[in-house]
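Visitor: Have a look at the structure that comes next, please.
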Amino acid sequence: MAAGSKAAPDTARHSPATPHSPSAADAGSLIRTLTRLAPTANPEVLKLAAQALNCADPNAQRLAIIDFSLPSTEPRLWVFDLAQSRLVFHELVSHGRGSGDTIASNFSNTPESYQSSLGLFRTMNSYEGSNGYSLRLEGLEPGVNDNAFERAIVIHGADYVSEDFIKQTGRIGRSHGCPAVRSEIAIPLIDSIKDSQYLFTYYPDPAWLASSRFLHCPGNQELAMKR
């Protein structure tokens, strides 16, 4: 959430996501697709994102991934069109000012922490707010990101996400926890993943990796044994 940002009243809350019993074969296929489309991304991050999505919604059409282990000066947001098997966006994205400076290392689900959250989110509806065209996010992981809606953690455009800002400060600007993107691509990017698609945000946090219910479906465990 950027300074002064507040989500509009809720009009489209979803029921809580229930992990499925995913197919290891389907997860393996998705991992191969993501790896082919984003060869410069960390393959472990792509694998975990594929496992989480396969657990939550094997029929999802779009998936966005943020790798918060990368510095904010590098493009660390990927948006995939799974139906068309193509990479739609590879972009800069902000983290919360409470999460760190150039590199994020602290994450929270707590209101007013100004920190980003990890895990799997489902996208909701877009709206016009104080930061312009924005996209609500529903955190699907209890205790990890399920306060995202109440915290007004949304995707929106920001002028502090740019190469010019990097040249001036050595990093992009930071939000109050929102994954903000370049203003120029905010509308098409939001439109590409709104309405019940998915966002997976990663950092090698041991507690989250060990406890996330979307990373520990039976099918994911079977896949891990085969790899």
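Labels for the structure tokens follow display order: chains A, B, ..., residues from 1 in each chain, ligands from 1.
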Show me a table, sorted first by chain and then by increasing residue number, of the residues of segment 14-113 of chain A having an atom at most 8 Å from segment 191-215 of chain A, each with its shortest atom pair and the distance in Å to one decimal, counting only C-alpha atoms and written as a Markdown table.
Guide:
| residue | atom | partner | partner_atom | distance |
| --- | --- | --- | --- | --- |
| A:Pro19 | CA | A:Phe214 | CA | 6.4 |
| A:Val45 | CA | A:Tyr202 | CA | 6.9 |
| A:Leu48 | CA | A:Leu215 | CA | 6.8 |
| A:Ala49 | CA | A:Phe200 | CA | 6.0 |
| A:Gln51 | CA | A:Leu215 | CA | 6.0 |
| A:Ala52 | CA | A:Phe214 | CA | 4.7 |
| A:Leu53 | CA | A:Tyr198 | CA | 7.6 |
| A:Cys55 | CA | A:Phe214 | CA | 5.7 |
| A:Ala56 | CA | A:Phe214 | CA | 6.7 |
| A:Ala60 | CA | A:Gln197 | CA | 6.3 |
| A:Gln61 | CA | A:Gln197 | CA | 6.8 |
| A:Arg62 | CA | A:Gln197 | CA | 5.6 |
| A:Leu63 | CA | A:Tyr198 | CA | 5.0 |
| A:Ala64 | CA | A:Leu199 | CA | 4.6 |
| A:Ile65 | CA | A:Phe200 | CA | 4.8 |
| A:Ile66 | CA | A:Thr201 | CA | 4.7 |
| A:Asp67 | CA | A:Tyr202 | CA | 5.0 |
| A:Phe68 | CA | A:Tyr203 | CA | 5.3 |
| A:Ser69 | CA | A:Tyr203 | CA | 5.2 |
| A:Val79 | CA | A:Ile193 | CA | 7.9 |
| A:Ser105 | CA | A:Tyr203 | CA | 7.8 |
Visitor: If we count only C-alpha atoms, what is near Pro111 of chain A at a cut-off of 9 Å, once residues fewer than 3 positions away on the same chain are taken out, given as a ChimeraX atom specification?
Guide: /A:108,114-115,147-148,150-151
Visitor: Restricting the output to C-alpha atoms, write the selected residues as a PDB file, in the first residue's frame.
Guide:
ATOM      1  CA  SER A 108       4.658  -9.397   7.704  1.00  0.00           C
ATOM      2  CA  TYR A 114       4.560  -1.337   5.998  1.00  0.00           C
ATOM      3  CA  GLN A 115       6.009  -4.708   5.077  1.00  0.00           C
ATOM      4  CA  ASN A 147      -4.768  -9.636   6.132  1.00  0.00           C
ATOM      5  CA  ALA A 148      -3.886  -8.329   2.660  1.00  0.00           C
ATOM      6  CA  GLU A 150      -7.783  -5.339   5.265  1.00  0.00           C
ATOM      7  CA  ARG A 151      -4.284  -3.822   4.889  1.00  0.00           C
TER       8      ARG A 151
END
Visitor: Kindly give the distance, in Å, that separates atom CA of Ala158 of chain A and atom CA of Ile185 of chain A, rounded to a single decimal.
Guide: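 Here the two named atoms are 10.1 Å from each other.
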Visitor: Rounded to one decimal in Å, what is the spacing between atom CA of Ser99 of chain A and atom CA of Val144 of chain A?
Guide: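 Straight-line distance from atom CA of Ser99 of chain A to atom CA of Val144 of chain A works out to 14.4 Å.
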Visitor: Identify, with DSSP run on backbone atoms, the residues in segment 68-220 of chain A assigned to alpha helix (DSSP H), and express the list as a list in words.
Guide: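 Answer for segment 68-220 of chain A, restricted to alpha helix (DSSP H): Glu163, Asp164, Phe165, Ile166, Lys167, Gln168, Thr169, Ala186, Ile187, Pro188, Leu189, Ile190, Asp191, Ser192, Ile193, Pro206, Ala207, Trp208, Leu209, Ala210, Ser211, Pro218, Gly219 and Asn220 of chain A.
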Visitor: Using atom CA of Glu128 of chain A and atom CA of His156 of chain A as the two end points, give the distance in Å to one decimal.
Guide: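 Between atom CA of Glu128 of chain A and atom CA of His156 of chain A the gap is 9.7 Å.
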Visitor: Looking only at the backbone, which of the residues in segment 15-203 of chain A does DSSP tag as strand (DSSP E), as a ChimeraX atom specification?
Guide: /A:62-67,77-81,86-91,119-129,132-139,154-158,181-182,198-202
Visitor: Using only C-alpha atoms, which residue out of A:Gly129, A:Pro58, A:Gly28, A:Gly177 lies closest to Gly98 of chain A?
Guide: A:Gly177
